[in-house]
>>> print(open('upload11.tsv').read())   # TSV, C-alpha atoms
chain	number	residue	atom	x	y	z
A	7	GLY	CA	0.00	0.00	0.00
A	8	GLU	CA	0.88	3.68	-0.14
A	9	SER	CA	3.06	4.75	2.72
A	10	MET	CA	2.81	8.24	4.16
A	11	THR	CA	5.49	10.41	5.71
A	12	GLN	CA	4.93	10.86	9.43
A	13	THR	CA	6.71	12.91	12.08
A	14	VAL	CA	7.67	12.17	15.66
A	15	ALA	CA	8.66	14.63	18.39
A	16	LEU	CA	12.17	14.39	19.85
A	17	PRO	CA	13.61	15.98	23.02
A	18	GLY	CA	14.37	19.70	22.89
A	19	GLY	CA	11.53	20.62	20.52
A	20	ARG	CA	13.08	18.73	17.61
A	21	THR	CA	11.32	16.45	15.13
A	22	ALA	CA	12.10	13.54	12.83
A	23	SER	CA	10.23	12.57	9.67
A	24	TYR	CA	9.90	8.94	8.58
A	25	GLU	CA	7.81	6.47	6.64
A	26	VAL	CA	7.14	2.79	7.26
A	27	ILE	CA	7.32	0.11	4.55
A	28	GLY	CA	6.93	-3.64	4.95
A	29	SER	CA	5.65	-6.14	7.49
A	30	GLY	CA	8.56	-8.13	8.92
A	31	ARG	CA	10.81	-7.46	11.90
A	32	PRO	CA	11.13	-3.80	12.95
A	33	ALA	CA	14.13	-2.18	11.27
A	34	LEU	CA	15.65	1.27	11.16
A	35	MET	CA	16.79	1.95	7.59
A	36	PHE	CA	19.50	4.57	7.08
A	37	ALA	CA	20.12	6.49	3.83
A	38	GLY	CA	23.55	7.53	2.61
A	39	GLY	CA	25.10	10.80	1.57
A	40	PRO	CA	25.36	12.05	4.20
A	41	GLY	CA	22.63	14.50	3.41
A	42	PHE	CA	20.15	12.51	1.34
A	43	SER	CA	16.59	12.04	2.59
A	44	ALA	CA	15.39	8.50	3.29
A	45	ALA	CA	13.19	8.26	0.17
A	46	TYR	CA	15.97	6.88	-2.05
A	47	MET	CA	15.97	3.77	0.20
A	48	ASN	CA	12.36	2.98	-0.78
A	49	GLY	CA	13.67	0.42	-3.29
A	50	ASP	CA	15.56	-1.43	-0.53
A	51	ALA	CA	12.54	-1.26	1.79
A	52	ALA	CA	10.17	-2.57	-0.90
A	53	LEU	CA	12.59	-5.35	-1.87
A	54	LEU	CA	12.88	-6.47	1.77
A	55	SER	CA	9.23	-5.77	2.71
A	56	ASP	CA	8.49	-9.47	3.32
A	57	VAL	CA	11.22	-9.75	5.98
A	58	LEU	CA	11.51	-6.21	7.40
A	59	CYS	CA	9.11	-3.53	8.60
A	60	SER	CA	11.42	-0.65	7.70
A	61	TYR	CA	11.31	2.73	9.39
A	62	LEU	CA	12.89	5.01	6.77
A	63	ILE	CA	13.99	7.93	8.91
A	64	ASP	CA	15.10	11.20	7.32
A	65	PRO	CA	18.54	12.05	8.72
A	66	PRO	CA	19.16	15.31	10.59
A	67	GLY	CA	18.54	18.30	8.33
A	68	SER	CA	16.82	16.21	5.62
A	69	GLY	CA	13.07	15.94	4.97
A	70	SER	CA	11.34	17.38	8.04
A	71	SER	CA	14.04	16.21	10.46
A	72	THR	CA	15.58	19.01	12.53
A	73	PRO	CA	19.20	19.88	11.64
A	74	PRO	CA	21.83	19.28	14.33
A	75	ALA	CA	23.04	22.13	16.55
A	76	ASP	CA	26.44	22.09	14.83
A	77	ALA	CA	28.34	20.31	12.06
A	78	SER	CA	29.67	17.56	14.37
A	79	GLY	CA	26.09	16.26	14.47
A	80	TYR	CA	26.62	15.13	10.87
A	81	SER	CA	29.31	12.63	11.92
A	82	PRO	CA	28.48	8.89	12.02
A	83	GLU	CA	28.23	9.16	15.82
A	84	GLY	CA	25.94	12.19	15.54
A	85	HIS	CA	23.66	10.34	13.13
A	86	ALA	CA	23.61	7.24	15.38
A	87	ARG	CA	22.62	9.28	18.44
A	88	PHE	CA	19.85	10.96	16.44
A	89	TYR	CA	18.44	7.61	15.23
A	90	GLU	CA	18.56	6.20	18.77
A	91	GLN	CA	16.46	9.16	19.95
A	92	VAL	CA	13.98	8.38	17.16
A	93	ARG	CA	13.83	4.70	18.18
A	94	GLN	CA	13.09	5.72	21.77
A	95	ALA	CA	10.47	8.27	20.68
A	96	LEU	CA	8.74	5.59	18.57
A	97	ALA	CA	8.97	3.14	21.51
A	98	LEU	CA	10.43	0.47	19.24
A	99	PRO	CA	12.00	-2.61	20.86
A	100	GLU	CA	15.39	-3.96	19.78
A	101	VAL	CA	15.68	-3.24	16.07
A	102	VAL	CA	17.48	-4.50	13.01
A	103	VAL	CA	19.58	-1.63	11.64
A	104	LEU	CA	20.20	-1.61	7.90
A	105	GLY	CA	22.10	1.15	6.16
A	106	HIS	CA	23.45	1.85	2.70
A	107	SER	CA	26.73	3.66	1.96
A	108	PHE	CA	27.20	6.37	4.61
A	109	GLY	CA	24.01	4.92	6.12
A	110	ALA	CA	25.91	1.62	6.53
A	111	THR	CA	28.72	3.53	8.25
A	112	THR	CA	26.00	4.88	10.56
A	113	ALA	CA	24.43	1.42	11.09
A	114	LEU	CA	27.78	-0.01	12.19
A	115	THR	CA	28.36	2.99	14.48
A	116	TYR	CA	24.85	2.60	15.95
A	117	ALA	CA	25.40	-1.12	16.63
A	118	ALA	CA	28.67	-0.28	18.40
A	119	LEU	CA	27.28	2.61	20.48
A	120	PHE	CA	23.84	1.15	21.29
A	121	PRO	CA	24.26	-2.64	21.64
A	122	GLN	CA	21.16	-2.90	23.84
A	123	SER	CA	19.05	-1.36	21.07
A	124	THR	CA	20.42	-3.45	18.21
A	125	ALA	CA	19.21	-6.97	17.44
A	126	MET	CA	21.11	-7.34	14.15
A	127	CYS	CA	23.09	-5.08	11.82
A	128	VAL	CA	23.16	-5.11	8.01
A	129	ALA	CA	25.76	-2.83	6.38
A	130	VAL	CA	25.33	-2.49	2.59
A	131	GLY	CA	28.17	-0.78	0.70
A	132	ALA	CA	29.71	0.48	3.95
A	133	PHE	CA	32.44	3.11	4.05
A	134	GLY	CA	34.73	2.71	7.05
A	135	ILE	CA	38.28	3.73	6.20
A	136	GLY	CA	38.85	7.27	4.96
A	137	PRO	CA	41.78	8.39	2.80
A	138	ASP	CA	43.96	9.47	5.75
A	139	ALA	CA	43.94	6.00	7.35
A	140	ASP	CA	44.11	4.28	3.93
A	141	ALA	CA	47.21	6.26	2.92
A	142	GLN	CA	48.99	5.17	6.11
A	143	GLN	CA	48.50	1.55	5.06
A	144	GLY	CA	49.67	1.74	1.47
A	145	GLY	CA	46.57	3.16	-0.23
A	146	GLU	CA	44.78	-0.07	-1.16
A	147	ALA	CA	41.32	1.54	-1.10
A	148	GLY	CA	42.57	4.50	-3.16
A	149	ALA	CA	44.02	2.18	-5.79
A	150	GLU	CA	40.70	0.29	-5.96
A	151	VAL	CA	38.84	3.58	-6.51
A	152	GLU	CA	41.08	4.54	-9.42
A	153	ALA	CA	40.94	1.15	-11.13
A	154	LEU	CA	37.15	0.89	-10.91
A	155	LEU	CA	36.57	4.47	-12.09
A	156	ALA	CA	38.78	3.83	-15.13
A	157	ARG	CA	36.66	0.79	-16.09
A	158	HIS	CA	34.08	3.27	-17.45
A	159	ALA	CA	36.47	5.30	-19.64
A	160	GLY	CA	34.77	4.07	-22.83
A	161	SER	CA	31.29	5.30	-21.84
A	162	ALA	CA	29.74	8.41	-23.36
A	163	TRP	CA	29.06	10.04	-19.97
A	164	TYR	CA	32.63	9.55	-18.66
A	165	ALA	CA	34.14	12.77	-20.07
A	166	ALA	CA	31.61	14.95	-18.21
A	167	ALA	CA	31.47	12.85	-15.02
A	168	ARG	CA	35.17	12.22	-14.37
A	169	PRO	CA	36.17	15.88	-13.71
A	170	VAL	CA	33.27	16.22	-11.24
A	171	MET	CA	34.41	13.07	-9.43
A	172	ASP	CA	38.06	14.15	-9.42
A	173	SER	CA	37.28	17.56	-7.90
A	174	TRP	CA	34.34	16.38	-5.74
A	175	THR	CA	35.48	17.83	-2.40
A	176	GLU	CA	36.41	21.25	-3.85
A	177	ARG	CA	33.12	21.49	-5.77
A	178	MET	CA	31.05	20.43	-2.76
A	179	LEU	CA	32.70	22.95	-0.46
A	180	ALA	CA	32.18	25.70	-3.09
A	181	ALA	CA	28.50	24.83	-3.71
A	182	THR	CA	25.94	27.37	-2.53
A	183	ASP	CA	22.68	25.43	-2.74
A	184	ALA	CA	21.39	21.89	-2.47
A	185	ALA	CA	20.43	21.77	-6.16
A	186	GLU	CA	24.15	21.89	-7.04
A	187	MET	CA	24.83	18.86	-4.81
A	188	GLU	CA	21.91	17.00	-6.40
A	189	GLN	CA	23.16	17.86	-9.90
A	190	MET	CA	26.69	16.74	-9.05
A	191	MET	CA	25.36	13.45	-7.69
A	192	ALA	CA	23.26	12.88	-10.83
A	193	THR	CA	26.37	13.50	-12.98
A	194	VAL	CA	28.57	10.98	-11.16
A	195	LEU	CA	25.90	8.38	-10.30
A	196	PRO	CA	26.83	6.09	-13.25
A	197	PHE	CA	30.21	5.47	-11.59
A	198	TYR	CA	28.36	3.84	-8.68
A	199	LEU	CA	26.97	1.07	-10.91
A	200	ALA	CA	28.86	-1.76	-12.55
A	201	GLU	CA	26.80	-1.56	-15.78
A	202	PRO	CA	25.14	1.88	-15.88
A	203	ASP	CA	24.68	1.78	-19.65
A	204	LYS	CA	22.11	-1.05	-19.48
A	205	PRO	CA	18.67	0.49	-20.24
A	206	GLU	CA	16.89	-1.05	-17.23
A	207	VAL	CA	19.69	0.11	-14.90
A	208	ALA	CA	19.59	3.60	-16.40
A	209	ALA	CA	15.83	3.73	-15.79
A	210	ARG	CA	16.23	2.82	-12.10
A	211	MET	CA	19.07	5.34	-11.82
A	212	ALA	CA	16.76	8.07	-13.14
A	213	GLU	CA	14.16	7.13	-10.48
A	214	MET	CA	16.80	7.31	-7.75
A	215	THR	CA	18.05	10.67	-9.00
A	216	ALA	CA	14.51	12.06	-8.89
A	217	ALA	CA	14.12	10.86	-5.27
A	218	MET	CA	17.46	12.25	-4.09
A	219	LYS	CA	16.88	15.38	-2.04
A	220	ALA	CA	20.12	16.77	-0.66
A	221	ASN	CA	21.08	18.64	2.51
A	222	LEU	CA	24.11	20.71	1.54
A	223	ALA	CA	25.18	21.34	5.16
A	224	ALA	CA	25.57	17.58	5.73
A	225	GLY	CA	27.48	17.10	2.48
A	226	GLN	CA	29.81	19.97	3.29
A	227	ALA	CA	30.44	18.75	6.86
A	228	TRP	CA	31.39	15.34	5.44
A	229	GLU	CA	33.70	16.74	2.74
A	230	GLY	CA	35.09	19.35	5.15
A	231	GLY	CA	37.01	16.82	7.27
A	232	LEU	CA	34.73	14.01	8.47
A	233	TYR	CA	35.24	11.92	5.32
A	234	GLN	CA	39.01	12.31	5.19
A	235	SER	CA	39.55	11.25	8.81
A	236	VAL	CA	36.90	8.54	9.28
A	237	ASP	CA	38.12	5.19	10.62
A	238	LEU	CA	35.46	2.86	12.02
A	239	ARG	CA	37.84	0.10	13.06
A	240	PRO	CA	38.34	1.23	16.70
A	241	LEU	CA	34.54	1.08	17.16
A	242	LEU	CA	33.85	-2.18	15.32
A	243	GLY	CA	35.17	-4.40	18.11
A	244	ARG	CA	32.29	-3.17	20.28
A	245	ILE	CA	29.64	-4.70	18.00
A	246	THR	CA	28.16	-7.74	19.75
A	247	CYS	CA	25.07	-8.44	17.62
A	248	PRO	CA	25.09	-10.58	14.45
A	249	ALA	CA	26.38	-8.43	11.58
A	250	LEU	CA	26.06	-8.87	7.82
A	251	ILE	CA	28.40	-6.93	5.53
A	252	VAL	CA	27.15	-6.76	1.91
A	253	ALA	CA	29.38	-5.31	-0.82
A	254	GLY	CA	29.59	-5.29	-4.59
A	255	SER	CA	32.82	-6.63	-6.02
A	256	LEU	CA	32.84	-3.70	-8.51
A	257	ASP	CA	31.85	-0.95	-6.03
A	258	PHE	CA	34.48	1.75	-6.66
A	259	ILE	CA	34.22	3.46	-3.25
A	260	CYS	CA	32.87	0.81	-0.85
A	261	GLY	CA	34.13	-2.39	-2.46
A	262	PRO	CA	36.40	-5.19	-1.23
A	263	ALA	CA	39.10	-2.82	0.12
A	264	GLN	CA	36.47	-1.35	2.48
A	265	ALA	CA	34.31	-4.42	3.18
A	266	GLN	CA	37.03	-6.92	4.04
A	267	PRO	CA	38.70	-4.93	6.86
A	268	ILE	CA	35.27	-3.97	8.26
A	269	ALA	CA	34.12	-7.61	8.36
A	270	ALA	CA	37.46	-8.74	9.79
A	271	ALA	CA	37.11	-6.30	12.70
A	272	ILE	CA	33.67	-7.59	13.79
A	273	THR	CA	33.64	-10.88	15.68
A	274	GLY	CA	31.50	-13.48	13.94
A	275	SER	CA	30.37	-11.19	11.14
A	276	GLN	CA	29.30	-12.51	7.76
A	277	LEU	CA	30.64	-10.98	4.52
A	278	VAL	CA	28.69	-11.37	1.28
A	279	MET	CA	30.44	-10.11	-1.85
A	280	LEU	CA	28.07	-9.69	-4.81
A	281	PRO	CA	29.99	-10.50	-8.02
A	282	GLY	CA	29.65	-8.02	-10.88
A	283	CYS	CA	27.74	-5.58	-8.66
A	284	GLY	CA	28.59	-1.93	-7.98
A	285	HIS	CA	27.40	0.27	-5.11
A	286	ILE	CA	23.64	-0.24	-5.39
A	287	PRO	CA	22.64	-3.91	-4.79
A	288	SER	CA	18.90	-3.11	-4.70
A	289	VAL	CA	19.19	-2.10	-8.39
A	290	GLU	CA	22.04	-4.30	-9.61
A	291	ALA	CA	21.65	-7.61	-7.74
A	292	PRO	CA	18.20	-7.55	-6.10
A	293	ARG	CA	17.67	-11.32	-5.90
A	294	GLN	CA	21.09	-12.03	-4.41
A	295	TYR	CA	20.76	-9.07	-2.01
A	296	HIS	CA	17.31	-10.19	-0.83
A	297	HIS	CA	18.52	-13.77	-0.41
A	298	ALA	CA	21.54	-12.71	1.67
A	299	VAL	CA	19.47	-10.51	4.00
A	300	ALA	CA	16.57	-12.97	4.35
A	301	GLU	CA	18.93	-15.85	5.13
A	302	PHE	CA	20.84	-13.75	7.67
A	303	LEU	CA	17.62	-12.64	9.42
A	304	SER	CA	16.33	-16.22	9.66
A	305	ARG	CA	19.35	-17.37	11.70
>>> encode(input="upload11.tsv", output="structure tokens")
Amino acid sequence: GESMTQTVALPGGRTASYEVIGSGRPALMFAGGPGFSAAYMNGDAALLSDVLCSYLIDPPGSGSSTPPADASGYSPEGHARFYEQVRQALALPEVVVLGHSFGATTALTYAALFPQSTAMCVAVGAFGIGPDADAQQGGEAGAEVEALLARHAGSAWYAAARPVMDSWTERMLAATDAAEMEQMMATVLPFYLAEPDKPEVAARMAEMTAAMKANLAAGQAWEGGLYQSVDLRPLLGRITCPALIVAGSLDFICGPAQAQPIAAAITGSQLVMLPGCGHIPSVEAPRQYHHAVAEFLSR
């Protein structure tokens, strides 16, 4: 059925907006960005609607959710604290947390900070090791980024998209409105898919682009230092719940070089690599993605 956006009151006169999709176990579903509203996760929620009742919560400053008091609220920890307040306000019991991209970074952070609130954690295309930490270890993630971007050099869109990707941080920090961030994301989105030139993939990409509403303050906080310095590994040892790490083998930014160290740092975690898949399993490998999550939840 049609789901409607609802709001819930949080402490200090703040609010959060969310919608609910599905009829399985209660789950908090976290969008990426940071700075994108939860609507682009509707495809994930619909795909998993038989196993999860997903609460798609707009992150701070997106949708009708109140922005944080300062930019540190846009960190993974800031997002996790916000979502925990929403869980309490909705009086939800232990939840499954499922996040995509930066939302997966947040899901892992949430599971580490709020073990009593977290039944299970699913991290899809997680980003955990920023360029500063990667460079100290020989730059494996950076090399993976470069190789997977170059795979697309023969595509018609590459010439326009590559300069935007290469100067992403500078352009984001210079942007003056959210429409610029949305336009930048639309320009580079093909890089996030293994086979963006397939017509059915291009059609889903257009739907996602239409649903992507950006919060420039969150994007600028991330590019202004949070992204460069992020390193989840010190936190990951605190995760005690069952954890599933899902990654595409051809994901240029959150692929094997990110997923393998994240999974290795979490006791008893399960890593599922989706062959031939980029950053968006709900579009590129829906059957395999659904199977992995459903099997994990049934344990």
>>> atom_distance(input="upload11.tsv", atom1="atom CA of A:His158", atom2="atom CA of A:Gln234")
24.9 Å
>>> residues_around(input="upload11.tsv", residues="A:Tyr198", least_positions_apart="2", cutoff="10 Å", atoms="all atoms listed in the file", output="list in words")
Leu154, Leu155, Val194, Leu195, Pro196, Ala200, Glu201, Pro202, Met211, Leu256, Asp257, Phe258, Ile259, Cys260, Cys283, Gly284, His285 and Ile286 of chain A
>>> residues_around(input="upload11.tsv", residues="A:Ala166", least_positions_apart="2", cutoff="12 Å", atoms="only C-alpha atoms", output="list in words")
His158, Ala159, Ser161, Ala162, Trp163, Tyr164, Arg168, Pro169, Val170, Met171, Asp172, Met190, Ala192, Thr193, Val194, Leu195, Pro196 and Phe197 of chain A
>>> closest_residue(input="upload11.tsv", among="A:Asp203, A:Met191, A:Gly67, A:Ala217", to="A:Met47", atoms="all atoms listed in the file")
A:Ala217
>>> atom_distance(input="upload11.tsv", atom1="atom CA of A:Leu232", atom2="atom CA of A:Pro262")
21.6 Å
>>> closest_residue(input="upload11.tsv", among="A:Ala77, A:Met218, A:Ala185, A:Cys247", to="A:Asn48", atoms="all atoms listed in the file")
A:Met218
>>> closest_residue(input="upload11.tsv", among="A:Ala139, A:Pro40, A:Met214, A:Ala291", to="A:Arg239", atoms="only C-alpha atoms")
A:Ala139
>>> closest_residue(input="upload11.tsv", among="A:Val289, A:Val14, A:Met126, A:Val207", to="A:Ile63", atoms="all atoms listed in the file")
A:Val14
>>> closest_residue(input="upload11.tsv", among="A:Thr115, A:Ala270, A:Ser81, A:Ala216", to="A:Gly231", atoms="only C-alpha atoms")
A:Ser81
>>> closest_residue(input="upload11.tsv", among="A:Ala33, A:Val151, A:Leu238, A:Ala223", to="A:Thr112", atoms="all atoms listed in the file")
A:Leu238
>>> axis_aligned_box(input="upload11.tsv", around="stretch 50-53 of chain A", padding_each_side="6 Å", output="JSON")
{"center_x": 12.9, "center_y": -3.3, "center_z": 0.0, "size_x": 17.4, "size_y": 16.1, "size_z": 15.7}
>>> atom_distance(input="upload11.tsv", atom1="atom CA of A:Val128", atom2="atom CA of A:Pro99")
17.2 Å
>>> residues_around(input="upload11.tsv", residues="A:Phe36", least_positions_apart="6", cutoff="9 Å", atoms="only C-alpha atoms", output="number ranges by chain")
A: 44, 47, 61-65, 89, 103-110, 112-113
>>> build_atoms(input="upload11.tsv", residues="stretch 214-248 of chain A", atoms="N, CA and C atoms", output="PDB file, in the frame of the given file")
ATOM      1  N   MET A 214      16.039   6.961  -8.950  1.00  0.00           N
ATOM      2  CA  MET A 214      16.800   7.310  -7.750  1.00  0.00           C
ATOM      3  C   MET A 214      17.182   8.773  -7.743  1.00  0.00           C
ATOM      4  N   THR A 215      17.640   9.271  -8.893  1.00  0.00           N
ATOM      5  CA  THR A 215      18.050  10.670  -9.000  1.00  0.00           C
ATOM      6  C   THR A 215      16.880  11.586  -8.660  1.00  0.00           C
ATOM      7  N   ALA A 216      15.696  11.241  -9.154  1.00  0.00           N
ATOM      8  CA  ALA A 216      14.510  12.060  -8.890  1.00  0.00           C
ATOM      9  C   ALA A 216      14.168  12.074  -7.404  1.00  0.00           C
ATOM     10  N   ALA A 217      14.453  10.969  -6.696  1.00  0.00           N
ATOM     11  CA  ALA A 217      14.120  10.860  -5.270  1.00  0.00           C
ATOM     12  C   ALA A 217      15.170  11.486  -4.367  1.00  0.00           C
ATOM     13  N   MET A 218      16.349  11.773  -4.925  1.00  0.00           N
ATOM     14  CA  MET A 218      17.460  12.250  -4.090  1.00  0.00           C
ATOM     15  C   MET A 218      17.297  13.728  -3.767  1.00  0.00           C
ATOM     16  N   LYS A 219      16.961  14.008  -2.518  1.00  0.00           N
ATOM     17  CA  LYS A 219      16.880  15.380  -2.040  1.00  0.00           C
ATOM     18  C   LYS A 219      18.038  15.601  -1.084  1.00  0.00           C
ATOM     19  N   ALA A 220      18.860  16.600  -1.377  1.00  0.00           N
ATOM     20  CA  ALA A 220      20.120  16.770  -0.660  1.00  0.00           C
ATOM     21  C   ALA A 220      20.042  17.838   0.425  1.00  0.00           C
ATOM     22  N   ASN A 221      20.848  17.639   1.470  1.00  0.00           N
ATOM     23  CA  ASN A 221      21.080  18.640   2.510  1.00  0.00           C
ATOM     24  C   ASN A 221      22.544  19.062   2.375  1.00  0.00           C
ATOM     25  N   LEU A 222      22.756  20.251   1.845  1.00  0.00           N
ATOM     26  CA  LEU A 222      24.110  20.710   1.540  1.00  0.00           C
ATOM     27  C   LEU A 222      24.978  20.800   2.790  1.00  0.00           C
ATOM     28  N   ALA A 223      24.389  21.203   3.922  1.00  0.00           N
ATOM     29  CA  ALA A 223      25.180  21.340   5.160  1.00  0.00           C
ATOM     30  C   ALA A 223      25.801  19.999   5.549  1.00  0.00           C
ATOM     31  N   ALA A 224      25.044  18.903   5.395  1.00  0.00           N
ATOM     32  CA  ALA A 224      25.570  17.580   5.730  1.00  0.00           C
ATOM     33  C   ALA A 224      26.687  17.192   4.767  1.00  0.00           C
ATOM     34  N   GLY A 225      26.461  17.421   3.477  1.00  0.00           N
ATOM     35  CA  GLY A 225      27.480  17.100   2.480  1.00  0.00           C
ATOM     36  C   GLY A 225      28.757  17.879   2.714  1.00  0.00           C
ATOM     37  N   GLN A 226      28.627  19.153   3.076  1.00  0.00           N
ATOM     38  CA  GLN A 226      29.810  19.970   3.290  1.00  0.00           C
ATOM     39  C   GLN A 226      30.534  19.606   4.580  1.00  0.00           C
ATOM     40  N   ALA A 227      29.793  19.209   5.620  1.00  0.00           N
ATOM     41  CA  ALA A 227      30.440  18.750   6.860  1.00  0.00           C
ATOM     42  C   ALA A 227      31.260  17.493   6.590  1.00  0.00           C
ATOM     43  N   TRP A 228      30.705  16.592   5.779  1.00  0.00           N
ATOM     44  CA  TRP A 228      31.390  15.340   5.440  1.00  0.00           C
ATOM     45  C   TRP A 228      32.650  15.612   4.643  1.00  0.00           C
ATOM     46  N   GLU A 229      32.535  16.442   3.589  1.00  0.00           N
ATOM     47  CA  GLU A 229      33.700  16.740   2.740  1.00  0.00           C
ATOM     48  C   GLU A 229      34.696  17.664   3.433  1.00  0.00           C
ATOM     49  N   GLY A 230      34.244  18.376   4.459  1.00  0.00           N
ATOM     50  CA  GLY A 230      35.090  19.350   5.150  1.00  0.00           C
ATOM     51  C   GLY A 230      35.943  18.755   6.258  1.00  0.00           C
ATOM     52  N   GLY A 231      36.119  17.435   6.273  1.00  0.00           N
ATOM     53  CA  GLY A 231      37.010  16.820   7.270  1.00  0.00           C
ATOM     54  C   GLY A 231      36.548  15.481   7.790  1.00  0.00           C
ATOM     55  N   LEU A 232      35.235  15.281   7.916  1.00  0.00           N
ATOM     56  CA  LEU A 232      34.730  14.010   8.470  1.00  0.00           C
ATOM     57  C   LEU A 232      35.116  12.832   7.579  1.00  0.00           C
ATOM     58  N   TYR A 233      34.958  12.995   6.275  1.00  0.00           N
ATOM     59  CA  TYR A 233      35.240  11.920   5.320  1.00  0.00           C
ATOM     60  C   TYR A 233      36.719  11.541   5.336  1.00  0.00           C
ATOM     61  N   GLN A 234      37.568  12.556   5.304  1.00  0.00           N
ATOM     62  CA  GLN A 234      39.010  12.310   5.190  1.00  0.00           C
ATOM     63  C   GLN A 234      39.538  11.529   6.390  1.00  0.00           C
ATOM     64  N   SER A 235      38.983  11.801   7.574  1.00  0.00           N
ATOM     65  CA  SER A 235      39.550  11.250   8.810  1.00  0.00           C
ATOM     66  C   SER A 235      38.792  10.046   9.361  1.00  0.00           C
ATOM     67  N   VAL A 236      37.704   9.619   8.703  1.00  0.00           N
ATOM     68  CA  VAL A 236      36.900   8.540   9.280  1.00  0.00           C
ATOM     69  C   VAL A 236      37.696   7.239   9.341  1.00  0.00           C
ATOM     70  N   ASP A 237      37.551   6.531  10.466  1.00  0.00           N
ATOM     71  CA  ASP A 237      38.120   5.190  10.620  1.00  0.00           C
ATOM     72  C   ASP A 237      37.261   4.451  11.644  1.00  0.00           C
ATOM     73  N   LEU A 238      36.407   3.575  11.139  1.00  0.00           N
ATOM     74  CA  LEU A 238      35.460   2.860  12.020  1.00  0.00           C
ATOM     75  C   LEU A 238      36.118   1.765  12.840  1.00  0.00           C
ATOM     76  N   ARG A 239      37.309   1.327  12.465  1.00  0.00           N
ATOM     77  CA  ARG A 239      37.840   0.100  13.060  1.00  0.00           C
ATOM     78  C   ARG A 239      37.943   0.112  14.585  1.00  0.00           C
ATOM     79  N   PRO A 240      38.310   1.253  15.230  1.00  0.00           N
ATOM     80  CA  PRO A 240      38.340   1.230  16.700  1.00  0.00           C
ATOM     81  C   PRO A 240      36.971   0.939  17.332  1.00  0.00           C
ATOM     82  N   LEU A 241      35.899   1.311  16.641  1.00  0.00           N
ATOM     83  CA  LEU A 241      34.540   1.080  17.160  1.00  0.00           C
ATOM     84  C   LEU A 241      34.028  -0.341  16.897  1.00  0.00           C
ATOM     85  N   LEU A 242      34.492  -0.949  15.802  1.00  0.00           N
ATOM     86  CA  LEU A 242      33.850  -2.180  15.320  1.00  0.00           C
ATOM     87  C   LEU A 242      33.962  -3.336  16.293  1.00  0.00           C
ATOM     88  N   GLY A 243      35.017  -3.339  17.112  1.00  0.00           N
ATOM     89  CA  GLY A 243      35.170  -4.400  18.110  1.00  0.00           C
ATOM     90  C   GLY A 243      34.103  -4.389  19.174  1.00  0.00           C
ATOM     91  N   ARG A 244      33.353  -3.289  19.277  1.00  0.00           N
ATOM     92  CA  ARG A 244      32.290  -3.170  20.280  1.00  0.00           C
ATOM     93  C   ARG A 244      30.957  -3.745  19.797  1.00  0.00           C
ATOM     94  N   ILE A 245      30.900  -4.152  18.527  1.00  0.00           N
ATOM     95  CA  ILE A 245      29.640  -4.700  18.000  1.00  0.00           C
ATOM     96  C   ILE A 245      29.491  -6.144  18.480  1.00  0.00           C
ATOM     97  N   THR A 246      28.392  -6.402  19.175  1.00  0.00           N
ATOM     98  CA  THR A 246      28.160  -7.740  19.750  1.00  0.00           C
ATOM     99  C   THR A 246      27.031  -8.484  19.043  1.00  0.00           C
ATOM    100  N   CYS A 247      26.205  -7.782  18.279  1.00  0.00           N
ATOM    101  CA  CYS A 247      25.070  -8.440  17.620  1.00  0.00           C
ATOM    102  C   CYS A 247      25.549  -9.105  16.333  1.00  0.00           C
ATOM    103  N   PRO A 248      24.749 -10.031  15.771  1.00  0.00           N
ATOM    104  CA  PRO A 248      25.090 -10.580  14.450  1.00  0.00           C
ATOM    105  C   PRO A 248      25.155  -9.449  13.418  1.00  0.00           C
TER     106      PRO A 248
END
